[in-house]
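Engineer: As input, take query-v7.pdb (PDB, C-alpha atoms, pLDDT in the B column):
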```pdb
ATOM      1  CA  MET A   2      94.881 156.317 119.028  1.00 56.00           C
ATOM      2  CA  ALA A   3      94.778 157.202 115.317  1.00 58.00           C
ATOM      3  CA  PHE A   4      95.097 160.946 115.938  1.00 66.00           C
ATOM      4  CA  SER A   5      97.946 160.321 118.396  1.00 74.00           C
ATOM      5  CA  ARG A   6      99.817 158.368 115.720  1.00 74.00           C
ATOM      6  CA  ARG A   7      99.292 161.260 113.321  1.00 75.00           C
ATOM      7  CA  GLU A   8     100.975 163.659 115.729  1.00 79.00           C
ATOM      8  CA  HIS A   9     103.907 161.273 116.193  1.00 83.00           C
ATOM      9  CA  ALA A  10     104.125 160.836 112.406  1.00 83.00           C
ATOM     10  CA  LEU A  11     104.272 164.606 111.910  1.00 84.00           C
ATOM     11  CA  VAL A  12     107.107 164.902 114.449  1.00 88.00           C
ATOM     12  CA  ALA A  13     109.023 162.021 112.838  1.00 89.00           C
ATOM     13  CA  TYR A  14     108.765 163.384 109.305  1.00 89.00           C
ATOM     14  CA  ALA A  15     109.643 166.908 110.459  1.00 89.00           C
ATOM     15  CA  ALA A  16     112.728 165.524 112.231  1.00 91.00           C
ATOM     16  CA  LEU A  17     113.765 163.721 109.035  1.00 92.00           C
ATOM     17  CA  VAL A  18     113.400 166.884 106.935  1.00 91.00           C
ATOM     18  CA  GLY A  19     115.197 168.972 109.561  1.00 91.00           C
ATOM     19  CA  ASP A  20     118.142 166.563 109.730  1.00 92.00           C
ATOM     20  CA  ILE A  21     118.473 166.595 105.929  1.00 92.00           C
ATOM     21  CA  GLN A  22     118.455 170.407 105.837  1.00 90.00           C
ATOM     22  CA  ALA A  23     120.934 170.694 108.724  1.00 89.00           C
ATOM     23  CA  THR A  24     123.382 168.257 107.120  1.00 89.00           C
ATOM     24  CA  LEU A  25     123.209 170.024 103.768  1.00 87.00           C
ATOM     25  CA  GLY A  26     123.789 173.345 105.502  1.00 85.00           C
ATOM     26  CA  ALA A  27     126.907 171.939 107.149  1.00 83.00           C
ATOM     27  CA  VAL A  28     128.270 170.551 103.878  1.00 83.00           C
ATOM     28  CA  CYS A  29     127.645 173.804 101.995  1.00 80.00           C
ATOM     29  CA  GLY A  30     128.671 176.197 104.758  1.00 76.00           C
ATOM     30  CA  TRP A  31     131.648 174.637 106.531  1.00 74.00           C
ATOM     31  CA  GLU A  32     135.180 175.769 105.722  1.00 72.00           C
ATOM     32  CA  ARG A  33     138.546 174.007 105.870  1.00 70.00           C
ATOM     33  CA  ARG A  34     142.091 175.332 106.242  1.00 69.00           C
ATOM     34  CA  ASP A  35     144.241 175.072 103.143  1.00 69.00           C
ATOM     35  CA  ALA A  36     147.928 174.095 103.118  1.00 69.00           C
ATOM     36  CA  ASP A  37     148.998 177.751 103.120  1.00 73.00           C
ATOM     37  CA  GLY A  38     146.748 178.544 106.093  1.00 69.00           C
ATOM     38  CA  SER A  39     143.899 180.196 104.230  1.00 70.00           C
ATOM     39  CA  TRP A  40     140.289 179.160 104.764  1.00 70.00           C
ATOM     40  CA  LEU A  41     138.315 177.580 101.918  1.00 69.00           C
ATOM     41  CA  ARG A  42     134.737 176.351 101.739  1.00 71.00           C
ATOM     42  CA  LEU A  43     134.225 172.607 101.578  1.00 68.00           C
ATOM     43  CA  ILE A  44     132.161 173.019  98.420  1.00 69.00           C
ATOM     44  CA  GLU A  45     133.572 175.498  95.926  1.00 65.00           C
ATOM     45  CA  GLY A  46     131.704 176.438  92.752  1.00 57.00           C
ATOM     46  CA  THR A  47     128.101 176.345  91.668  1.00 56.00           C
ATOM     47  CA  GLU A  48     128.407 172.929  90.016  1.00 66.00           C
ATOM     48  CA  ALA A  49     129.727 171.224  93.142  1.00 68.00           C
ATOM     49  CA  SER A  50     127.100 172.945  95.275  1.00 74.00           C
ATOM     50  CA  ASP A  51     124.311 171.799  92.959  1.00 78.00           C
ATOM     51  CA  ARG A  52     125.674 168.254  93.071  1.00 81.00           C
ATOM     52  CA  CYS A  53     125.458 168.242  96.873  1.00 84.00           C
ATOM     53  CA  VAL A  54     121.950 169.673  96.804  1.00 86.00           C
ATOM     54  CA  CYS A  55     120.862 166.975  94.346  1.00 89.00           C
ATOM     55  CA  ALA A  56     122.357 164.268  96.574  1.00 89.00           C
ATOM     56  CA  PHE A  57     120.400 165.391  99.633  1.00 91.00           C
ATOM     57  CA  GLU A  58     117.280 166.100  97.601  1.00 91.00           C
ATOM     58  CA  ALA A  59     117.440 162.470  96.464  1.00 93.00           C
ATOM     59  CA  ILE A  60     116.959 161.403 100.105  1.00 93.00           C
ATOM     60  CA  LEU A  61     114.005 163.741 100.489  1.00 92.00           C
ATOM     61  CA  ASP A  62     112.389 162.664  97.210  1.00 92.00           C
ATOM     62  CA  ALA A  63     112.826 158.958  97.975  1.00 92.00           C
ATOM     63  CA  ALA A  64     111.362 159.408 101.468  1.00 91.00           C
ATOM     64  CA  THR A  65     108.396 161.323 100.014  1.00 89.00           C
ATOM     65  CA  ARG A  66     107.720 158.540  97.493  1.00 89.00           C
ATOM     66  CA  TYR A  67     107.915 155.991 100.285  1.00 90.00           C
ATOM     67  CA  CYS A  68     105.389 157.891 102.401  1.00 86.00           C
ATOM     68  CA  ALA A  69     103.030 158.120  99.395  1.00 83.00           C
ATOM     69  CA  THR A  70     103.124 154.341  98.820  1.00 84.00           C
ATOM     70  CA  PRO A  71      99.851 152.572  99.737  1.00 80.00           C
ATOM     71  CA  ARG A  72     100.257 150.214 102.665  1.00 76.00           C
ATOM     72  CA  CYS A  73      99.758 146.463 102.390  1.00 71.00           C
ATOM     73  CA  HIS A  74      98.254 146.287 105.893  1.00 61.00           C
ATOM     74  CA  ARG A  75      94.645 146.932 104.921  1.00 57.00           C
ATOM     75  CA  THR A  76      91.409 145.073 105.399  1.00 55.00           C
ATOM     76  CA  ARG A  77      90.406 142.322 103.008  1.00 50.00           C
ATOM     77  CA  TYR A  78      87.419 144.152 101.544  1.00 47.00           C
ATOM     78  CA  GLU A  79      89.723 146.974 100.363  1.00 53.00           C
ATOM     79  CA  LEU A  80      91.940 144.636  98.329  1.00 53.00           C
ATOM     80  CA  SER A  81      90.450 142.965  95.264  1.00 55.00           C
ATOM     81  CA  THR A  82      92.765 139.925  95.218  1.00 59.00           C
ATOM     82  CA  TYR A  83      93.964 139.931  98.811  1.00 60.00           C
ATOM     83  CA  ASP A  84      97.140 137.800  98.804  1.00 70.00           C
ATOM     84  CA  PHE A  85      98.468 138.917  95.403  1.00 71.00           C
ATOM     85  CA  GLU A  86      97.766 142.628  95.867  1.00 73.00           C
ATOM     86  CA  ARG A  87      99.006 142.585  99.455  1.00 74.00           C
ATOM     87  CA  GLN A  88     102.321 141.032  98.370  1.00 78.00           C
ATOM     88  CA  MET A  89     102.627 143.480  95.483  1.00 82.00           C
ATOM     89  CA  LEU A  90     102.134 146.472  97.795  1.00 79.00           C
ATOM     90  CA  ALA A  91     104.586 145.019 100.321  1.00 81.00           C
ATOM     91  CA  ASP A  92     107.241 144.586  97.617  1.00 84.00           C
ATOM     92  CA  ARG A  93     106.701 148.133  96.349  1.00 86.00           C
ATOM     93  CA  CYS A  94     106.952 149.579  99.851  1.00 85.00           C
ATOM     94  CA  TYR A  95     110.131 147.592 100.535  1.00 88.00           C
ATOM     95  CA  SER A  96     111.655 148.708  97.216  1.00 90.00           C
ATOM     96  CA  ARG A  97     111.019 152.379  97.942  1.00 89.00           C
ATOM     97  CA  ARG A  98     112.386 151.935 101.430  1.00 90.00           C
ATOM     98  CA  LEU A  99     115.592 150.588  99.887  1.00 92.00           C
ATOM     99  CA  ASP A 100     115.715 153.642  97.606  1.00 93.00           C
ATOM    100  CA  VAL A 101     115.976 155.874 100.671  1.00 93.00           C
ATOM    101  CA  GLY A 102     118.788 153.749 102.060  1.00 92.00           C
ATOM    102  CA  ALA A 103     120.627 153.941  98.738  1.00 93.00           C
ATOM    103  CA  ALA A 104     120.314 157.742  98.696  1.00 93.00           C
ATOM    104  CA  ILE A 105     121.707 157.957 102.244  1.00 93.00           C
ATOM    105  CA  GLN A 106     124.639 155.730 101.253  1.00 93.00           C
ATOM    106  CA  ALA A 107     125.320 158.017  98.274  1.00 92.00           C
ATOM    107  CA  CYS A 108     125.584 160.955 100.687  1.00 90.00           C
ATOM    108  CA  ARG A 109     127.972 158.934 102.859  1.00 90.00           C
ATOM    109  CA  ARG A 110     130.193 158.376  99.830  1.00 89.00           C
ATOM    110  CA  LEU A 111     130.016 162.109  99.160  1.00 86.00           C
ATOM    111  CA  VAL A 112     131.251 162.814 102.697  1.00 86.00           C
ATOM    112  CA  GLN A 113     134.147 160.396 102.248  1.00 85.00           C
ATOM    113  CA  ARG A 114     135.004 162.177  99.010  1.00 83.00           C
ATOM    114  CA  LEU A 115     135.196 165.432 100.952  1.00 79.00           C
ATOM    115  CA  LYS A 116     137.643 163.727 103.303  1.00 80.00           C
ATOM    116  CA  VAL A 117     139.843 162.857 100.340  1.00 79.00           C
ATOM    117  CA  ASP A 118     139.651 166.489  99.217  1.00 73.00           C
ATOM    118  CA  GLY A 119     141.010 167.684 102.561  1.00 73.00           C
ATOM    119  CA  LEU A 120     138.177 167.633 105.096  1.00 75.00           C
ATOM    120  CA  PRO A 121     139.633 166.878 108.577  1.00 77.00           C
ATOM    121  CA  GLY A 122     138.752 163.531 110.121  1.00 79.00           C
ATOM    122  CA  GLY A 123     136.839 165.070 113.010  1.00 80.00           C
ATOM    123  CA  GLU A 124     134.583 167.045 110.691  1.00 80.00           C
ATOM    124  CA  THR A 125     134.058 163.945 108.555  1.00 83.00           C
ATOM    125  CA  HIS A 126     132.947 162.045 111.645  1.00 87.00           C
ATOM    126  CA  ARG A 127     130.491 164.827 112.498  1.00 87.00           C
ATOM    127  CA  LEU A 128     128.946 164.675 109.033  1.00 88.00           C
ATOM    128  CA  ASP A 129     128.720 160.881 109.312  1.00 89.00           C
ATOM    129  CA  SER A 130     126.899 161.288 112.614  1.00 91.00           C
ATOM    130  CA  TYR A 131     124.470 163.732 110.970  1.00 91.00           C
ATOM    131  CA  LEU A 132     123.728 161.118 108.311  1.00 92.00           C
ATOM    132  CA  ALA A 133     123.198 158.577 111.075  1.00 93.00           C
ATOM    133  CA  HIS A 134     120.566 160.905 112.545  1.00 93.00           C
ATOM    134  CA  ILE A 135     118.868 160.955 109.121  1.00 94.00           C
ATOM    135  CA  SER A 136     118.822 157.141 109.076  1.00 93.00           C
ATOM    136  CA  VAL A 137     117.334 156.965 112.571  1.00 93.00           C
ATOM    137  CA  ALA A 138     114.687 159.571 111.705  1.00 93.00           C
ATOM    138  CA  PHE A 139     113.693 157.626 108.587  1.00 93.00           C
ATOM    139  CA  GLU A 140     113.382 154.388 110.556  1.00 92.00           C
ATOM    140  CA  LYS A 141     110.924 156.162 112.877  1.00 91.00           C
ATOM    141  CA  VAL A 142     108.921 157.251 109.825  1.00 90.00           C
ATOM    142  CA  CYS A 143     108.894 153.647 108.573  1.00 87.00           C
ATOM    143  CA  ALA A 144     107.745 152.319 111.947  1.00 86.00           C
ATOM    144  CA  LEU A 145     104.832 154.759 112.074  1.00 84.00           C
ATOM    145  CA  LYS A 146     103.792 154.111 108.473  1.00 83.00           C
ATOM    146  CA  GLU A 147     103.957 150.317 108.574  1.00 80.00           C
ATOM    147  CA  TYR A 148     102.530 149.883 112.075  1.00 74.00           C
ATOM    148  CA  ARG A 149      99.013 148.516 112.226  1.00 69.00           C
ATOM    149  CA  THR A 150      96.597 148.823 115.124  1.00 64.00           C
ATOM    150  CA  PRO A 151      96.210 145.469 116.943  1.00 62.00           C
ATOM    151  CA  ALA A 152      93.407 143.254 115.652  1.00 62.00           C
ATOM    152  CA  GLY A 153      91.569 143.367 118.980  1.00 64.00           C
ATOM    153  CA  ALA A 154      91.336 147.163 118.998  1.00 64.00           C
ATOM    154  CA  ARG A 155      90.214 147.230 115.348  1.00 62.00           C
ATOM    155  CA  SER A 156      87.540 144.611 116.000  1.00 65.00           C
ATOM    156  CA  ILE A 157      86.178 146.425 119.039  1.00 69.00           C
ATOM    157  CA  ALA A 158      85.986 149.684 117.079  1.00 64.00           C
ATOM    158  CA  ARG A 159      84.006 148.069 114.259  1.00 68.00           C
ATOM    159  CA  ILE A 160      81.693 146.000 116.481  1.00 71.00           C
ATOM    160  CA  SER A 161      80.915 148.928 118.798  1.00 70.00           C
ATOM    161  CA  VAL A 162      79.429 150.837 115.854  1.00 68.00           C
ATOM    162  CA  LEU A 163      77.122 147.916 115.039  1.00 68.00           C
ATOM    163  CA  TRP A 164      76.217 147.073 118.622  1.00 69.00           C
ATOM    164  CA  HIS A 165      75.447 150.644 119.600  1.00 68.00           C
ATOM    165  CA  GLY A 166      72.041 150.483 117.946  1.00 64.00           C
ATOM    166  CA  VAL A 167      71.264 147.183 119.698  1.00 67.00           C
ATOM    167  CA  PHE A 168      72.105 148.399 123.195  1.00 66.00           C
ATOM    168  CA  ALA A 169      70.523 151.816 122.686  1.00 67.00           C
ATOM    169  CA  GLY A 170      67.350 150.354 121.113  1.00 66.00           C
ATOM    170  CA  PRO A 171      65.249 150.517 124.336  1.00 65.00           C
ATOM    171  CA  TRP A 172      66.289 154.124 124.823  1.00 64.00           C
ATOM    172  CA  TYR A 173      65.234 154.986 121.274  1.00 63.00           C
ATOM    173  CA  ALA A 174      61.913 153.251 121.888  1.00 65.00           C
ATOM    174  CA  SER A 175      61.379 155.258 125.071  1.00 68.00           C
ATOM    175  CA  LEU A 176      61.481 158.483 123.063  1.00 64.00           C
ATOM    176  CA  ARG A 177      58.235 157.432 121.418  1.00 63.00           C
ATOM    177  CA  CYS A 178      56.520 157.602 124.788  1.00 65.00           C
ATOM    178  CA  CYS A 179      57.018 161.368 124.735  1.00 64.00           C
ATOM    179  CA  GLY A 180      54.206 161.666 122.215  1.00 61.00           C
ATOM    180  CA  THR A 181      56.463 162.414 119.235  1.00 63.00           C
ATOM    181  CA  GLY A 182      55.609 159.277 117.301  1.00 65.00           C
ATOM    182  CA  PRO A 183      58.147 157.027 115.573  1.00 69.00           C
ATOM    183  CA  ALA A 184      59.775 159.840 113.574  1.00 70.00           C
ATOM    184  CA  LEU A 185      61.979 161.299 116.360  1.00 70.00           C
ATOM    185  CA  PRO A 186      63.472 157.982 117.571  1.00 71.00           C
ATOM    186  CA  LEU A 187      64.138 156.886 114.000  1.00 73.00           C
ATOM    187  CA  VAL A 188      65.859 160.123 112.972  1.00 75.00           C
ATOM    188  CA  TYR A 189      67.843 160.264 116.203  1.00 73.00           C
ATOM    189  CA  ALA A 190      69.028 156.667 115.843  1.00 74.00           C
ATOM    190  CA  LEU A 191      70.077 157.179 112.224  1.00 76.00           C
ATOM    191  CA  ALA A 192      71.947 160.390 113.073  1.00 78.00           C
ATOM    192  CA  LEU A 193      73.926 158.737 115.853  1.00 76.00           C
ATOM    193  CA  GLN A 194      74.679 155.699 113.717  1.00 75.00           C
ATOM    194  CA  LEU A 195      75.991 157.880 110.886  1.00 78.00           C
ATOM    195  CA  ALA A 196      78.126 159.895 113.313  1.00 76.00           C
ATOM    196  CA  PHE A 197      79.725 156.776 114.797  1.00 75.00           C
ATOM    197  CA  ASN A 198      80.332 155.311 111.354  1.00 73.00           C
ATOM    198  CA  ALA A 199      81.968 158.545 110.145  1.00 73.00           C
ATOM    199  CA  LEU A 200      84.264 158.537 113.179  1.00 71.00           C
ATOM    200  CA  LEU A 201      85.238 154.947 112.420  1.00 69.00           C
ATOM    201  CA  GLN A 202      86.014 155.814 108.787  1.00 69.00           C
ATOM    202  CA  VAL A 203      88.248 158.696 109.907  1.00 68.00           C
ATOM    203  CA  ALA A 204      90.116 156.366 112.257  1.00 65.00           C
ATOM    204  CA  LEU A 205      90.599 153.811 109.480  1.00 65.00           C
ATOM    205  CA  GLY A 206      91.823 156.536 107.133  1.00 65.00           C
ATOM    206  CA  LEU A 207      94.460 157.559 109.677  1.00 65.00           C
ATOM    207  CA  GLU A 208      95.884 154.041 109.857  1.00 70.00           C
ATOM    208  CA  ASP A 209      98.370 155.420 107.318  1.00 73.00           C
ATOM    209  CA  PRO A 210      99.287 158.807 108.826  1.00 76.00           C
ATOM    210  CA  TYR A 211     100.975 160.107 105.662  1.00 78.00           C
ATOM    211  CA  ALA A 212      98.740 161.642 103.001  1.00 62.00           C
ATOM    212  CA  ARG A 213      98.777 160.417  99.420  1.00 63.00           C
ATOM    213  CA  GLU A 214      96.812 161.442  96.344  1.00 60.00           C
ATOM    214  CA  GLY A 215      93.403 159.761  96.414  1.00 57.00           C
ATOM    215  CA  GLY A 216      94.038 158.070  99.759  1.00 57.00           C
ATOM    216  CA  ARG A 217      91.621 157.829 102.673  1.00 56.00           C
ATOM    217  CA  GLY A 218      91.927 160.453 105.369  1.00 52.00           C
ATOM    218  CA  ALA A 219      94.056 162.713 103.156  1.00 56.00           C
ATOM    219  CA  ARG A 220      92.692 165.885 104.741  1.00 60.00           C
ATOM    220  CA  ASP A 221      93.674 164.766 108.248  1.00 56.00           C
ATOM    221  CA  SER A 222      97.009 163.113 107.351  1.00 64.00           C
ATOM    222  CA  VAL A 223     100.497 164.592 107.286  1.00 72.00           C
ATOM    223  CA  ARG A 224     100.923 166.417 103.974  1.00 79.00           C
ATOM    224  CA  VAL A 225     104.361 165.185 103.020  1.00 82.00           C
ATOM    225  CA  GLU A 226     104.272 166.635  99.485  1.00 82.00           C
ATOM    226  CA  SER A 227     103.841 170.228 100.621  1.00 83.00           C
ATOM    227  CA  MET A 228     106.402 169.822 103.411  1.00 85.00           C
ATOM    228  CA  ALA A 229     108.913 168.321 100.965  1.00 86.00           C
ATOM    229  CA  ALA A 230     108.359 171.141  98.447  1.00 88.00           C
ATOM    230  CA  MET A 231     109.072 173.763 101.111  1.00 89.00           C
ATOM    231  CA  ALA A 232     112.165 171.845 102.227  1.00 89.00           C
ATOM    232  CA  ARG A 233     113.515 171.672  98.647  1.00 89.00           C
ATOM    233  CA  ALA A 234     113.159 175.432  98.244  1.00 89.00           C
ATOM    234  CA  ASP A 235     114.889 176.024 101.582  1.00 89.00           C
ATOM    235  CA  MET A 236     117.750 173.654 100.687  1.00 86.00           C
ATOM    236  CA  ARG A 237     118.403 175.431  97.406  1.00 86.00           C
ATOM    237  CA  ARG A 238     118.311 178.795  99.173  1.00 86.00           C
ATOM    238  CA  THR A 239     120.830 177.507 101.747  1.00 82.00           C
ATOM    239  CA  ALA A 240     123.225 176.335  99.037  1.00 80.00           C
ATOM    240  CA  ARG A 241     122.831 179.606  97.119  1.00 80.00           C
ATOM    241  CA  GLU A 242     123.482 181.818 100.132  1.00 78.00           C
ATOM    242  CA  ALA A 243     126.478 179.747 101.213  1.00 72.00           C
ATOM    243  CA  SER A 244     128.210 180.541  97.929  1.00 65.00           C
ATOM    244  CA  LEU A 245     127.916 184.308  98.401  1.00 59.00           C
TER     245      LEU A 245
END
```
Kindly return the structure encoded in the file as structure tokens.
Structural biologist:
Amino acid sequence: MAFSRREHALVAYAALVGDIQATLGAVCGWERRDADGSWLRLIEGTEASDRCVCAFEAILDAATRYCATPRCHRTRYELSTYDFERQMLADRCYSRRLDVGAAIQACRRLVQRLKVDGLPGGETHRLDSYLAHISVAFEKVCALKEYRTPAGARSIARISVLWHGVFAGPWYASLRCCGTGPALPLVYALALQLAFNALLQVALGLEDPYAREGGRGARDSVRVESMAAMARADMRRTAREASL
């Protein structure tokens, strides 16, 4: 279940980044017809192009900060003062989620400004629909990050690790009848117990599928920082090539 959520989280974040890049490419690359019939780019000049890039990078940066925020849905033994720290983490996560919404609204205002500057209504509607796709993609990211495995499934996973030694005890004891003494059953039981416990820790680390610095399961989580860095470079290249 945890690894399946990771795959869905990767698809959701990739869709968010792809929608941001596609919308920026449309803003920087589309052209409009002037009053005298000549074609002009929507964004003319390096300064205007950089302003658009910064507006869409703000969405990407805010989404990356949101994904790196520790979740409040964690077990009690991981939080020192459970209620206070849980509420603090929930407020921080909600605040960073609002930051993404504010950045998307800023891009919507930018699109309306392009309409004032002469962008046809149909093209404005298309850009608005692209921004709607960004909003939907971010909501999918939020759902995957804030979702928590049901309590029943979590309890079964933890109890099965503890009960495995109880149910497999007679089998471990039967290994002693092979003439190996108590060493083989003891080592075998400890090895299996450590393996099951490690698997449980990996599953718990993937409760939050997005990697953060110092977080659990960082090696198996979606590396949002590296993906965002590549997307920033690609967005700046898109804006630069559109001005050629």
Engineer: Have a look at A:Val188, A:Ala16, A:His9, A:Gly26 and name the one nearest to A:Asp235; count only C-alpha atoms.
Structural biologist: A:Gly26
Engineer: Which residues, named as in the file, does the PyMOL selection byres ((chain A and resi 140) around 12) pick out? Answer as a list in words.
Structural biologist: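 Here the PyMOL selection byres ((chain A and resi 140) around 12) matches Ala10, Ala13, Tyr14, Ala16, Leu17, Ala64, Tyr67, Cys68, Arg98, Leu99, Val101, Gly102, Ala133, His134, Ile135, Ser136, Val137, Ala138, Phe139, Lys141, Val142, Cys143, Ala144, Leu145, Lys146, Glu147 and Tyr148 of chain A.
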Engineer: For atom CA of A:Thr125 and atom CA of A:Glu32, quote the distance in Å rounded to one decimal.
Structural biologist: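 For atom CA of A:Thr125 relative to atom CA of A:Glu32, the distance reads 12.2 Å.
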Engineer: Which one is closest to A:Asp118: A:Ser5, A:Arg66, A:Arg33, A:Leu25? Count all atoms listed in the file.
Structural biologist: A:Arg33
Engineer: Which of these, A:Met236, A:Arg7, A:Ala199, A:Pro71, has the shortest distance to A:Asp51 once you count all atoms listed in the file?
Structural biologist: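 Looking at the shortest contact to A:Asp51, the residue is A:Met236.
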Engineer: Here is a test: counting all atoms listed in the file, which residue of A:Arg224, A:Ala192, A:Cys29, A:Ala59 is nearest to A:Leu115?
Structural biologist: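 When distances to A:Leu115 are compared using all atoms listed in the file, the smallest one comes from A:Cys29.
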Engineer: If the PyMOL selection byres ((chain A and resi 116) around 12) were run on this exact file, what residues would it hold? Put them as a PDB file with C-alpha atoms, keeping the file's coordinate frame.
Structural biologist:
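Output file result.pdb is given in full below:
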```
ATOM      1  CA  VAL A  28     128.270 170.551 103.878  1.00 83.00           C
ATOM      2  CA  ARG A  33     138.546 174.007 105.870  1.00 70.00           C
ATOM      3  CA  LEU A  43     134.225 172.607 101.578  1.00 68.00           C
ATOM      4  CA  ILE A  44     132.161 173.019  98.420  1.00 69.00           C
ATOM      5  CA  ARG A 109     127.972 158.934 102.859  1.00 90.00           C
ATOM      6  CA  ARG A 110     130.193 158.376  99.830  1.00 89.00           C
ATOM      7  CA  LEU A 111     130.016 162.109  99.160  1.00 86.00           C
ATOM      8  CA  VAL A 112     131.251 162.814 102.697  1.00 86.00           C
ATOM      9  CA  GLN A 113     134.147 160.396 102.248  1.00 85.00           C
ATOM     10  CA  ARG A 114     135.004 162.177  99.010  1.00 83.00           C
ATOM     11  CA  LEU A 115     135.196 165.432 100.952  1.00 79.00           C
ATOM     12  CA  VAL A 117     139.843 162.857 100.340  1.00 79.00           C
ATOM     13  CA  ASP A 118     139.651 166.489  99.217  1.00 73.00           C
ATOM     14  CA  GLY A 119     141.010 167.684 102.561  1.00 73.00           C
ATOM     15  CA  LEU A 120     138.177 167.633 105.096  1.00 75.00           C
ATOM     16  CA  PRO A 121     139.633 166.878 108.577  1.00 77.00           C
ATOM     17  CA  GLY A 122     138.752 163.531 110.121  1.00 79.00           C
ATOM     18  CA  GLY A 123     136.839 165.070 113.010  1.00 80.00           C
ATOM     19  CA  GLU A 124     134.583 167.045 110.691  1.00 80.00           C
ATOM     20  CA  THR A 125     134.058 163.945 108.555  1.00 83.00           C
ATOM     21  CA  HIS A 126     132.947 162.045 111.645  1.00 87.00           C
ATOM     22  CA  ARG A 127     130.491 164.827 112.498  1.00 87.00           C
ATOM     23  CA  LEU A 128     128.946 164.675 109.033  1.00 88.00           C
ATOM     24  CA  ASP A 129     128.720 160.881 109.312  1.00 89.00           C
TER      25      ASP A 129
END
```
Engineer: Using the chain letters and numbers from this file, what does the PyMOL selection byres ((chain A and resi 61) around 10) select? Give the answer as a list of chain:residue names.
Structural biologist: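 Checking the PyMOL selection byres ((chain A and resi 61) around 10) against this file, the residues are A:Leu17, A:Val18, A:Ile21, A:Gln22, A:Cys55, A:Ala56, A:Phe57, A:Glu58, A:Ala59, A:Ile60, A:Asp62, A:Ala63, A:Ala64, A:Thr65, A:Arg66, A:Tyr67, A:Val101, A:Ala104, A:Ile105, A:Ala229, A:Ala230, A:Ala232, A:Arg233.
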Engineer: Please report, as lines of an AutoDock Vina configuration file, the centre and edge lengths in Å to one decimal of an axis-aligned box covering all listed atoms of stretch 55-61 of chain A with 6 Å per side.
Structural biologist:
```
center_x = 118.2
center_y = 164.2
center_z = 97.4
size_x = 20.4
size_y = 17.6
size_z = 18.1
```
Engineer: Just the number, please: distance in Å from atom CA of A:Tyr95 to atom CA of A:Pro210, one decimal.
Structural biologist: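 Value for the atom CA of A:Tyr95-atom CA of A:Pro210 distance: 17.7 Å.
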Engineer: Quick one: pull the distance between atom CA of A:Glu226 and atom CA of A:Arg6, Å, one decimal.
Structural biologist: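 For atom CA of A:Glu226 relative to atom CA of A:Arg6, the distance reads 18.8 Å.
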Engineer: Given only C-alpha atoms as the basis, pick out the residue of A:Leu132, A:Leu193, A:Met89, A:Val225 nearest to A:Asp20.
Structural biologist: A:Leu132
Engineer: Please return stretch 137-146 of chain A, rebuilt to N, CA, C and O atoms, as a short mmCIF file (atom, residue, chain, number, x, y, z; two decimals), keeping the file's coordinate frame.
Structural biologist:
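Wrote it out as result.cif, contents follow:
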```cif
data_model
loop_
_atom_site.label_atom_id
_atom_site.label_comp_id
_atom_site.auth_asym_id
_atom_site.auth_seq_id
_atom_site.Cartn_x
_atom_site.Cartn_y
_atom_site.Cartn_z
N VAL A 137 118.20 157.25 111.41
CA VAL A 137 117.33 156.96 112.57
C VAL A 137 115.97 157.62 112.40
O VAL A 137 114.92 157.02 112.69
N ALA A 138 115.96 158.87 111.92
CA ALA A 138 114.69 159.57 111.70
C ALA A 138 113.84 158.85 110.66
O ALA A 138 112.61 158.74 110.82
N PHE A 139 114.47 158.34 109.61
CA PHE A 139 113.69 157.63 108.59
C PHE A 139 113.15 156.31 109.13
O PHE A 139 112.03 155.91 108.76
N GLU A 140 113.89 155.63 109.97
CA GLU A 140 113.38 154.39 110.56
C GLU A 140 112.15 154.66 111.42
O GLU A 140 111.23 153.84 111.48
N LYS A 141 112.11 155.79 112.10
CA LYS A 141 110.92 156.16 112.88
C LYS A 141 109.73 156.40 111.96
O LYS A 141 108.61 156.00 112.27
N VAL A 142 109.99 157.05 110.80
CA VAL A 142 108.92 157.25 109.82
C VAL A 142 108.40 155.91 109.33
O VAL A 142 107.18 155.71 109.21
N CYS A 143 109.31 154.97 109.05
CA CYS A 143 108.89 153.65 108.57
C CYS A 143 108.06 152.92 109.62
O CYS A 143 107.06 152.27 109.30
N ALA A 144 108.48 153.01 110.89
CA ALA A 144 107.74 152.32 111.95
C ALA A 144 106.33 152.86 112.08
O ALA A 144 105.37 152.09 112.27
N LEU A 145 106.16 154.17 111.95
CA LEU A 145 104.83 154.76 112.07
C LEU A 145 103.97 154.46 110.85
O LEU A 145 102.76 154.29 110.98
N LYS A 146 104.57 154.39 109.68
CA LYS A 146 103.79 154.11 108.47
C LYS A 146 103.36 152.65 108.40
O LYS A 146 102.23 152.35 108.02
#
```
